[in-house]
>>> print(open('target20.cif').read())   # mmCIF, N, CA and C atoms
data_query
loop_
_atom_site.label_atom_id
_atom_site.label_comp_id
_atom_site.auth_asym_id
_atom_site.auth_seq_id
_atom_site.Cartn_x
_atom_site.Cartn_y
_atom_site.Cartn_z
N MET A 1 54.40 134.43 108.86
CA MET A 1 54.25 135.61 108.09
C MET A 1 53.88 135.17 106.67
N SER A 2 52.90 135.79 106.09
CA SER A 2 52.49 135.50 104.72
C SER A 2 52.63 136.75 103.87
N TYR A 3 52.99 136.53 102.61
CA TYR A 3 53.13 137.64 101.69
C TYR A 3 52.55 137.22 100.35
N TYR A 4 51.64 138.03 99.84
CA TYR A 4 51.02 137.74 98.55
C TYR A 4 51.75 138.50 97.46
N LEU A 5 52.40 137.75 96.56
CA LEU A 5 53.09 138.34 95.43
C LEU A 5 52.08 138.78 94.36
N SER A 6 50.98 138.02 94.29
CA SER A 6 49.87 138.33 93.38
C SER A 6 48.64 137.59 93.92
N ASN A 7 47.51 137.71 93.23
CA ASN A 7 46.32 136.97 93.65
C ASN A 7 46.53 135.47 93.55
N ALA A 8 47.45 135.05 92.69
CA ALA A 8 47.66 133.62 92.46
C ALA A 8 48.86 133.05 93.23
N LEU A 9 49.80 133.87 93.64
CA LEU A 9 51.05 133.39 94.20
C LEU A 9 51.32 134.01 95.57
N SER A 10 51.61 133.14 96.54
CA SER A 10 51.90 133.64 97.90
C SER A 10 53.06 132.88 98.52
N LEU A 11 53.67 133.50 99.49
CA LEU A 11 54.75 132.91 100.27
C LEU A 11 54.34 132.90 101.74
N ALA A 12 54.78 131.89 102.46
CA ALA A 12 54.53 131.85 103.91
C ALA A 12 55.83 131.42 104.59
N LEU A 13 56.20 132.12 105.64
CA LEU A 13 57.43 131.84 106.38
C LEU A 13 57.09 131.75 107.86
N ASN A 14 57.62 130.73 108.51
CA ASN A 14 57.41 130.56 109.94
C ASN A 14 58.75 130.19 110.57
N TYR A 15 59.12 130.90 111.63
CA TYR A 15 60.36 130.61 112.36
C TYR A 15 60.03 130.50 113.84
N SER A 16 60.61 129.53 114.50
CA SER A 16 60.36 129.33 115.92
C SER A 16 61.69 129.21 116.65
N TRP A 17 61.85 129.97 117.72
CA TRP A 17 63.01 129.88 118.58
C TRP A 17 62.52 129.59 119.99
N PHE A 18 63.17 128.63 120.65
CA PHE A 18 62.82 128.30 122.02
C PHE A 18 64.07 128.31 122.87
N GLY A 19 64.04 129.05 123.94
CA GLY A 19 65.16 129.09 124.87
C GLY A 19 64.64 129.25 126.30
N TYR A 20 65.42 128.81 127.25
CA TYR A 20 65.00 128.93 128.65
C TYR A 20 66.24 128.93 129.55
N LYS A 21 66.05 129.38 130.78
CA LYS A 21 67.09 129.31 131.80
C LYS A 21 66.49 128.63 133.02
N LEU A 22 67.28 127.78 133.63
CA LEU A 22 66.85 127.09 134.83
C LEU A 22 67.81 127.46 135.95
N ASP A 23 67.27 127.94 137.06
CA ASP A 23 68.11 128.31 138.20
C ASP A 23 68.64 127.04 138.85
N THR A 24 69.90 126.70 138.55
CA THR A 24 70.48 125.46 139.07
C THR A 24 70.88 125.57 140.54
N GLY A 25 70.82 126.77 141.10
CA GLY A 25 71.12 126.95 142.52
C GLY A 25 69.92 126.77 143.42
N ASP A 26 68.74 126.63 142.86
CA ASP A 26 67.50 126.49 143.63
C ASP A 26 67.07 125.03 143.63
N LEU A 27 67.24 124.34 144.77
CA LEU A 27 66.91 122.91 144.85
C LEU A 27 65.42 122.62 144.68
N ARG A 28 64.57 123.64 144.69
CA ARG A 28 63.16 123.40 144.37
C ARG A 28 63.00 122.99 142.90
N ASN A 29 64.05 123.23 142.08
CA ASN A 29 64.03 122.82 140.68
C ASN A 29 64.59 121.42 140.46
N ASP A 30 64.92 120.71 141.55
CA ASP A 30 65.46 119.35 141.46
C ASP A 30 64.31 118.37 141.24
N GLY A 31 63.96 118.17 139.98
CA GLY A 31 62.79 117.34 139.64
C GLY A 31 62.91 115.89 140.04
N ASN A 32 64.11 115.30 139.93
CA ASN A 32 64.25 113.88 140.27
C ASN A 32 64.78 113.66 141.69
N LYS A 33 64.92 114.74 142.45
CA LYS A 33 65.29 114.69 143.88
C LYS A 33 66.61 113.95 144.14
N ASP A 34 67.61 114.23 143.25
CA ASP A 34 68.92 113.60 143.46
C ASP A 34 69.91 114.55 144.14
N GLY A 35 69.44 115.71 144.58
CA GLY A 35 70.28 116.65 145.30
C GLY A 35 71.01 117.66 144.43
N LYS A 36 70.81 117.62 143.12
CA LYS A 36 71.44 118.59 142.22
C LYS A 36 70.46 118.92 141.09
N VAL A 37 70.55 120.14 140.60
CA VAL A 37 69.67 120.60 139.53
C VAL A 37 70.44 120.56 138.22
N GLN A 38 69.94 119.75 137.28
CA GLN A 38 70.55 119.60 135.97
C GLN A 38 69.47 119.85 134.92
N ALA A 39 69.69 120.83 134.07
CA ALA A 39 68.65 121.25 133.12
C ALA A 39 68.14 120.10 132.27
N GLN A 40 69.03 119.24 131.76
CA GLN A 40 68.60 118.17 130.87
C GLN A 40 67.73 117.14 131.57
N VAL A 41 67.98 116.90 132.86
CA VAL A 41 67.26 115.86 133.59
C VAL A 41 66.05 116.42 134.34
N ASP A 42 66.22 117.55 134.98
CA ASP A 42 65.16 118.08 135.84
C ASP A 42 64.13 118.92 135.08
N LEU A 43 64.45 119.41 133.92
CA LEU A 43 63.49 120.15 133.09
C LEU A 43 63.70 119.73 131.64
N PRO A 44 63.23 118.51 131.29
CA PRO A 44 63.47 118.02 129.93
C PRO A 44 62.56 118.72 128.92
N ILE A 45 63.13 119.67 128.20
CA ILE A 45 62.41 120.38 127.15
C ILE A 45 62.74 119.66 125.85
N ASN A 46 61.79 118.94 125.31
CA ASN A 46 62.05 118.11 124.15
C ASN A 46 61.62 118.79 122.87
N THR A 47 62.33 119.87 122.58
CA THR A 47 62.12 120.58 121.33
C THR A 47 63.44 121.23 120.95
N PRO A 48 63.71 121.37 119.67
CA PRO A 48 64.95 122.04 119.28
C PRO A 48 64.86 123.54 119.52
N ALA A 49 66.00 124.18 119.56
CA ALA A 49 66.02 125.63 119.75
C ALA A 49 65.49 126.36 118.51
N HIS A 50 65.74 125.80 117.32
CA HIS A 50 65.34 126.48 116.07
C HIS A 50 64.57 125.55 115.15
N LYS A 51 63.46 126.05 114.59
CA LYS A 51 62.68 125.37 113.56
C LYS A 51 62.23 126.43 112.56
N MET A 52 62.07 126.03 111.31
CA MET A 52 61.65 126.99 110.30
C MET A 52 60.90 126.27 109.18
N SER A 53 59.92 126.95 108.59
CA SER A 53 59.24 126.41 107.41
C SER A 53 59.01 127.54 106.41
N LEU A 54 58.95 127.14 105.15
CA LEU A 54 58.72 128.07 104.05
C LEU A 54 57.79 127.39 103.06
N ALA A 55 56.76 128.11 102.62
CA ALA A 55 55.82 127.57 101.65
C ALA A 55 55.66 128.55 100.50
N VAL A 56 55.54 127.99 99.31
CA VAL A 56 55.19 128.75 98.12
C VAL A 56 53.89 128.15 97.60
N ASN A 57 52.87 128.96 97.49
CA ASN A 57 51.55 128.49 97.07
C ASN A 57 51.12 129.19 95.78
N TYR A 58 50.49 128.41 94.90
CA TYR A 58 50.00 128.93 93.62
C TYR A 58 48.57 128.43 93.42
N SER A 59 47.69 129.30 92.98
CA SER A 59 46.32 128.89 92.71
C SER A 59 45.70 129.80 91.65
N GLN A 60 45.26 129.18 90.57
CA GLN A 60 44.52 129.86 89.52
C GLN A 60 43.20 129.13 89.33
N LYS A 61 42.45 129.48 88.31
CA LYS A 61 41.14 128.85 88.09
C LYS A 61 41.23 127.34 87.97
N LYS A 62 42.13 126.85 87.15
CA LYS A 62 42.22 125.41 86.89
C LYS A 62 43.36 124.72 87.63
N PHE A 63 44.52 125.37 87.73
CA PHE A 63 45.69 124.73 88.31
C PHE A 63 46.03 125.32 89.68
N PHE A 64 46.53 124.46 90.56
CA PHE A 64 46.98 124.90 91.89
C PHE A 64 48.14 124.02 92.33
N GLY A 65 48.92 124.50 93.28
CA GLY A 65 50.02 123.70 93.79
C GLY A 65 50.76 124.42 94.90
N SER A 66 51.64 123.68 95.54
CA SER A 66 52.45 124.26 96.62
C SER A 66 53.73 123.46 96.80
N VAL A 67 54.72 124.14 97.33
CA VAL A 67 55.96 123.51 97.77
C VAL A 67 56.15 123.97 99.21
N PHE A 68 56.27 123.01 100.11
CA PHE A 68 56.41 123.30 101.53
C PHE A 68 57.71 122.68 102.03
N THR A 69 58.57 123.47 102.63
CA THR A 69 59.82 122.96 103.20
C THR A 69 59.82 123.20 104.71
N ARG A 70 60.42 122.27 105.42
CA ARG A 70 60.51 122.40 106.87
C ARG A 70 61.91 121.98 107.30
N TRP A 71 62.53 122.78 108.17
CA TRP A 71 63.85 122.48 108.72
C TRP A 71 63.75 122.44 110.24
N VAL A 72 64.33 121.41 110.83
CA VAL A 72 64.37 121.25 112.29
C VAL A 72 65.82 120.98 112.69
N GLN A 73 66.30 121.74 113.66
CA GLN A 73 67.67 121.62 114.16
C GLN A 73 67.83 120.33 114.96
N ALA A 74 69.01 119.73 114.93
CA ALA A 74 69.31 118.57 115.79
C ALA A 74 69.23 119.00 117.25
N TYR A 75 68.83 118.09 118.12
CA TYR A 75 68.73 118.45 119.53
C TYR A 75 68.81 117.21 120.43
N ASP A 76 69.10 117.46 121.70
CA ASP A 76 69.14 116.40 122.71
C ASP A 76 67.74 116.16 123.24
N PHE A 77 67.40 114.88 123.40
CA PHE A 77 66.07 114.48 123.84
C PHE A 77 66.20 113.72 125.16
N PHE A 78 65.49 114.17 126.18
CA PHE A 78 65.44 113.50 127.48
C PHE A 78 63.97 113.37 127.88
N SER A 79 63.52 112.16 128.15
CA SER A 79 62.14 111.96 128.58
C SER A 79 62.07 110.67 129.39
N GLY A 80 61.96 110.81 130.69
CA GLY A 80 61.91 109.61 131.54
C GLY A 80 63.17 108.79 131.37
N ILE A 81 63.00 107.51 131.01
CA ILE A 81 64.17 106.65 130.80
C ILE A 81 64.72 106.77 129.38
N ASN A 82 64.01 107.44 128.49
CA ASN A 82 64.43 107.55 127.09
C ASN A 82 65.36 108.74 126.91
N VAL A 83 66.50 108.47 126.27
CA VAL A 83 67.50 109.51 126.05
C VAL A 83 68.05 109.36 124.63
N ALA A 84 68.15 110.48 123.94
CA ALA A 84 68.82 110.55 122.64
C ALA A 84 69.59 111.86 122.66
N ALA A 85 70.85 111.80 123.11
CA ALA A 85 71.58 113.03 123.37
C ALA A 85 73.07 112.88 123.11
N ALA A 86 73.72 114.03 122.95
CA ALA A 86 75.18 114.06 122.77
C ALA A 86 75.85 113.68 124.08
N GLU A 87 77.11 113.30 123.97
CA GLU A 87 77.89 112.94 125.15
C GLU A 87 77.90 114.10 126.15
N ASN A 88 77.75 113.76 127.44
CA ASN A 88 77.70 114.77 128.48
C ASN A 88 78.39 114.21 129.72
N ALA A 89 79.59 114.73 130.02
CA ALA A 89 80.39 114.23 131.14
C ALA A 89 79.69 114.45 132.48
N ASP A 90 78.98 115.57 132.65
CA ASP A 90 78.29 115.85 133.92
C ASP A 90 77.24 114.79 134.22
N LEU A 91 76.59 114.27 133.19
CA LEU A 91 75.55 113.26 133.37
C LEU A 91 76.08 111.84 133.22
N LYS A 92 77.39 111.71 132.95
CA LYS A 92 78.00 110.40 132.66
C LYS A 92 77.28 109.73 131.51
N LEU A 93 77.00 110.52 130.50
CA LEU A 93 76.24 110.08 129.33
C LEU A 93 77.16 109.95 128.13
N LYS A 94 77.16 108.78 127.50
CA LYS A 94 77.97 108.55 126.31
C LYS A 94 77.06 108.18 125.16
N GLU A 95 77.49 108.58 123.95
CA GLU A 95 76.74 108.21 122.75
C GLU A 95 77.00 106.75 122.42
N ASN A 96 75.99 106.10 121.82
CA ASN A 96 76.07 104.69 121.41
C ASN A 96 76.45 103.79 122.59
N ALA A 97 75.80 104.05 123.72
CA ALA A 97 76.03 103.26 124.93
C ALA A 97 74.77 103.26 125.77
N ARG A 98 74.71 102.30 126.69
CA ARG A 98 73.56 102.23 127.59
C ARG A 98 73.59 103.41 128.55
N TYR A 99 72.41 103.98 128.80
CA TYR A 99 72.25 105.04 129.80
C TYR A 99 71.03 104.65 130.62
N GLY A 100 71.24 104.23 131.87
CA GLY A 100 70.14 103.71 132.67
C GLY A 100 69.64 102.41 132.04
N ARG A 101 68.33 102.33 131.80
CA ARG A 101 67.75 101.12 131.19
C ARG A 101 67.65 101.20 129.68
N ALA A 102 68.00 102.36 129.10
CA ALA A 102 67.82 102.55 127.66
C ALA A 102 69.16 102.74 126.96
N TRP A 103 69.14 102.65 125.65
CA TRP A 103 70.33 102.84 124.83
C TRP A 103 70.31 104.25 124.26
N ASN A 104 71.42 104.96 124.37
CA ASN A 104 71.52 106.31 123.83
C ASN A 104 72.27 106.26 122.51
N TYR A 105 71.55 106.54 121.42
CA TYR A 105 72.15 106.52 120.08
C TYR A 105 72.76 107.86 119.71
N GLY A 106 72.64 108.85 120.55
CA GLY A 106 73.14 110.19 120.24
C GLY A 106 71.98 111.14 120.01
N PRO A 107 72.27 112.41 119.73
CA PRO A 107 71.20 113.40 119.59
C PRO A 107 70.28 113.10 118.41
N LEU A 108 69.04 113.55 118.52
CA LEU A 108 68.11 113.41 117.40
C LEU A 108 68.65 114.25 116.25
N ALA A 109 68.75 113.64 115.11
CA ALA A 109 69.33 114.33 113.95
C ALA A 109 68.38 115.42 113.47
N GLY A 110 68.94 116.53 113.08
CA GLY A 110 68.14 117.56 112.45
C GLY A 110 67.73 117.07 111.07
N PHE A 111 66.74 117.70 110.50
CA PHE A 111 66.29 117.25 109.18
C PHE A 111 65.63 118.38 108.41
N THR A 112 65.54 118.17 107.12
CA THR A 112 64.83 119.06 106.22
C THR A 112 63.91 118.20 105.38
N THR A 113 62.66 118.60 105.25
CA THR A 113 61.74 117.88 104.38
C THR A 113 61.17 118.84 103.35
N VAL A 114 60.74 118.28 102.24
CA VAL A 114 60.11 119.04 101.17
C VAL A 114 58.86 118.29 100.74
N ASP A 115 57.72 118.94 100.79
CA ASP A 115 56.46 118.37 100.32
C ASP A 115 56.02 119.15 99.09
N VAL A 116 55.60 118.43 98.05
CA VAL A 116 55.18 119.06 96.80
C VAL A 116 53.77 118.58 96.47
N ARG A 117 52.92 119.52 96.04
CA ARG A 117 51.53 119.20 95.72
C ARG A 117 51.13 119.99 94.48
N ALA A 118 50.42 119.32 93.56
CA ALA A 118 49.91 119.99 92.35
C ALA A 118 48.53 119.43 92.04
N GLY A 119 47.71 120.28 91.47
CA GLY A 119 46.36 119.80 91.17
C GLY A 119 45.71 120.55 90.02
N TYR A 120 44.57 119.97 89.60
CA TYR A 120 43.80 120.53 88.50
C TYR A 120 42.33 120.50 88.91
N ARG A 121 41.63 121.62 88.75
CA ARG A 121 40.20 121.71 89.04
C ARG A 121 39.42 121.52 87.73
N ALA A 122 38.66 120.44 87.65
CA ALA A 122 37.84 120.19 86.46
C ALA A 122 36.62 121.11 86.47
N ASN A 123 36.02 121.24 87.67
CA ASN A 123 34.88 122.16 87.86
C ASN A 123 34.77 122.47 89.34
N ARG A 124 33.68 123.09 89.78
CA ARG A 124 33.56 123.51 91.19
C ARG A 124 33.54 122.35 92.16
N SER A 125 33.12 121.16 91.72
CA SER A 125 33.00 120.04 92.65
C SER A 125 34.00 118.92 92.40
N ARG A 126 34.79 118.99 91.36
CA ARG A 126 35.74 117.91 91.06
C ARG A 126 37.15 118.47 90.79
N SER A 127 38.11 117.82 91.43
CA SER A 127 39.51 118.19 91.18
C SER A 127 40.38 116.95 91.36
N ALA A 128 41.56 117.00 90.82
CA ALA A 128 42.53 115.92 90.96
C ALA A 128 43.81 116.52 91.54
N THR A 129 44.38 115.82 92.50
CA THR A 129 45.58 116.30 93.17
C THR A 129 46.64 115.21 93.19
N CYS A 130 47.87 115.60 92.97
CA CYS A 130 49.01 114.70 93.07
C CYS A 130 49.96 115.32 94.09
N SER A 131 50.42 114.52 95.02
CA SER A 131 51.34 115.08 96.02
C SER A 131 52.38 114.06 96.41
N THR A 132 53.49 114.56 96.87
CA THR A 132 54.53 113.72 97.44
C THR A 132 54.94 114.35 98.76
N ARG A 133 55.04 113.53 99.76
CA ARG A 133 55.41 114.04 101.07
C ARG A 133 56.84 113.66 101.37
N ARG A 134 57.54 114.59 101.91
CA ARG A 134 58.90 114.38 102.37
C ARG A 134 59.83 113.89 101.25
N CYS A 135 59.61 114.39 100.04
CA CYS A 135 60.49 113.99 98.95
C CYS A 135 61.90 114.50 99.26
N GLY A 136 62.85 113.62 99.12
CA GLY A 136 64.23 114.00 99.38
C GLY A 136 64.63 113.95 100.84
N SER A 137 63.73 113.65 101.76
CA SER A 137 64.10 113.70 103.18
C SER A 137 65.13 112.64 103.52
N LEU A 138 65.05 111.47 102.91
CA LEU A 138 66.04 110.43 103.18
C LEU A 138 67.42 110.90 102.73
N TRP A 139 67.50 111.44 101.51
CA TRP A 139 68.78 111.93 101.01
C TRP A 139 69.29 113.08 101.88
N LEU A 140 68.42 114.02 102.22
CA LEU A 140 68.83 115.16 103.04
C LEU A 140 69.27 114.71 104.42
N LEU A 141 68.57 113.74 105.00
CA LEU A 141 68.92 113.25 106.32
C LEU A 141 70.30 112.60 106.29
N LEU A 142 70.53 111.76 105.29
CA LEU A 142 71.81 111.07 105.22
C LEU A 142 72.94 112.03 104.85
N SER A 143 72.68 112.97 103.97
CA SER A 143 73.74 113.89 103.56
C SER A 143 74.10 114.88 104.68
N SER A 144 73.20 115.09 105.64
CA SER A 144 73.52 115.98 106.75
C SER A 144 74.15 115.23 107.92
N GLY A 145 74.39 113.94 107.74
CA GLY A 145 75.06 113.17 108.79
C GLY A 145 74.10 112.56 109.77
N GLY A 146 72.80 112.64 109.50
CA GLY A 146 71.81 112.06 110.41
C GLY A 146 71.75 110.55 110.25
N SER A 147 70.98 109.93 111.09
CA SER A 147 70.81 108.48 110.99
C SER A 147 69.34 108.13 111.12
N ILE A 148 68.98 107.01 110.58
CA ILE A 148 67.59 106.55 110.62
C ILE A 148 67.51 105.35 111.54
N ARG A 149 66.56 105.39 112.46
CA ARG A 149 66.40 104.26 113.40
C ARG A 149 65.03 103.68 113.23
#
>>> encode(input="target20.cif", output="structure tokens")
Amino acid sequence: MSYYLSNALSLALNYSWFGYKLDTGDLRNDGNKDGKVQAQVDLPINTPAHKMSLAVNYSQKKFFGSVFTRWVQAYDFFSGINVAAAENADLKLKENARYGRAWNYGPLAGFTTVDVRAGYRANRSRSATCSTRRCGSLWLLLSSGGSIR
């Protein structure tokens, strides 16, 4: 959704929700053919339930800029032999332990990033831009209890 506060200033908001149900009583949904249907193993959806972004954009004749923020919820990741998920007794899955052939460090940490961009237009064909990507993401990741691998 975008909203123009003026000809020079605008806001943009994007929110995404993903949810699903898997019929665990229907063995046709048993993707790995182990005789039981488990959502995390038989239908690995590798996306968080919630994501959101917000942008503030400014543009005039000479100066322009934007601030873009993105938030992604922590989530469990299952893909083939690769697992990054919270402890799960049904799957005999433990954090910070081997699971199958791979090591499970726990769920993928949620994160927030902030990108900042500013620029100056000298004329119609020349401009200068300064930007920083993911400023503060390391601090935000660590302060939210996430880990970097």
>>> resolve_selection(input="target20.cif", expression="the PyMOL selection byres ((chain A and resi 10) around 6)", output="number ranges by chain")
A: 3-6, 8-9, 11-12, 55-58
>>> axis_aligned_box(input="target20.cif", around="segment 124-132 of chain A", padding_each_side="5 Å", output="JSON")
{"center_x": 44.0, "center_y": 118.6, "center_z": 94.3, "size_x": 31.9, "size_y": 19.8, "size_z": 19.0}
>>> resolve_selection(input="target20.cif", expression="the PyMOL selection byres ((chain A and resi 118) around 6.5)", output="list in words")
Phe64, Gly65, Ser66, Val116, Arg117, Gly119, Tyr120, Ala128, Thr129, Cys130 and Ser131 of chain A
>>> write_last_selection(input="target20.cif", atoms="N, CA and C atoms", output="PDB file, in the coordinates of the input")
ATOM      1  N   PHE A  64      46.530 124.460  90.560  1.00  0.00           N
ATOM      2  CA  PHE A  64      46.980 124.900  91.890  1.00  0.00           C
ATOM      3  C   PHE A  64      48.140 124.020  92.330  1.00  0.00           C
ATOM      4  N   GLY A  65      48.920 124.500  93.280  1.00  0.00           N
ATOM      5  CA  GLY A  65      50.020 123.700  93.790  1.00  0.00           C
ATOM      6  C   GLY A  65      50.760 124.420  94.900  1.00  0.00           C
ATOM      7  N   SER A  66      51.640 123.680  95.540  1.00  0.00           N
ATOM      8  CA  SER A  66      52.450 124.260  96.620  1.00  0.00           C
ATOM      9  C   SER A  66      53.730 123.460  96.800  1.00  0.00           C
ATOM     10  N   VAL A 116      55.600 118.430  98.050  1.00  0.00           N
ATOM     11  CA  VAL A 116      55.180 119.060  96.800  1.00  0.00           C
ATOM     12  C   VAL A 116      53.770 118.580  96.470  1.00  0.00           C
ATOM     13  N   ARG A 117      52.920 119.520  96.040  1.00  0.00           N
ATOM     14  CA  ARG A 117      51.530 119.200  95.720  1.00  0.00           C
ATOM     15  C   ARG A 117      51.130 119.990  94.480  1.00  0.00           C
ATOM     16  N   GLY A 119      47.710 120.280  91.470  1.00  0.00           N
ATOM     17  CA  GLY A 119      46.360 119.800  91.170  1.00  0.00           C
ATOM     18  C   GLY A 119      45.710 120.550  90.020  1.00  0.00           C
ATOM     19  N   TYR A 120      44.570 119.970  89.600  1.00  0.00           N
ATOM     20  CA  TYR A 120      43.800 120.530  88.500  1.00  0.00           C
ATOM     21  C   TYR A 120      42.330 120.500  88.910  1.00  0.00           C
ATOM     22  N   ALA A 128      41.560 117.000  90.820  1.00  0.00           N
ATOM     23  CA  ALA A 128      42.530 115.920  90.960  1.00  0.00           C
ATOM     24  C   ALA A 128      43.810 116.520  91.540  1.00  0.00           C
ATOM     25  N   THR A 129      44.380 115.820  92.500  1.00  0.00           N
ATOM     26  CA  THR A 129      45.580 116.300  93.170  1.00  0.00           C
ATOM     27  C   THR A 129      46.640 115.210  93.190  1.00  0.00           C
ATOM     28  N   CYS A 130      47.870 115.600  92.970  1.00  0.00           N
ATOM     29  CA  CYS A 130      49.010 114.700  93.070  1.00  0.00           C
ATOM     30  C   CYS A 130      49.960 115.320  94.090  1.00  0.00           C
ATOM     31  N   SER A 131      50.420 114.520  95.020  1.00  0.00           N
ATOM     32  CA  SER A 131      51.340 115.080  96.020  1.00  0.00           C
ATOM     33  C   SER A 131      52.380 114.060  96.410  1.00  0.00           C
TER      34      SER A 131
END
>>> select_by_dssp(input="target20.cif", residues="chain A", states="alpha helix (DSSP H)", output="ChimeraX atom specification")
/A:39-42,137-143
>>> closest_residue(input="target20.cif", among="A:Asn104, A:Gln40, A:Gln60, A:Thr112", to="Gln73 of chain A", atoms="all atoms listed in the file")
A:Thr112
>>> atom_distance(input="target20.cif", atom1="atom CA of Val67 of chain A", atom2="atom CA of Leu54 of chain A")
8.2 Å
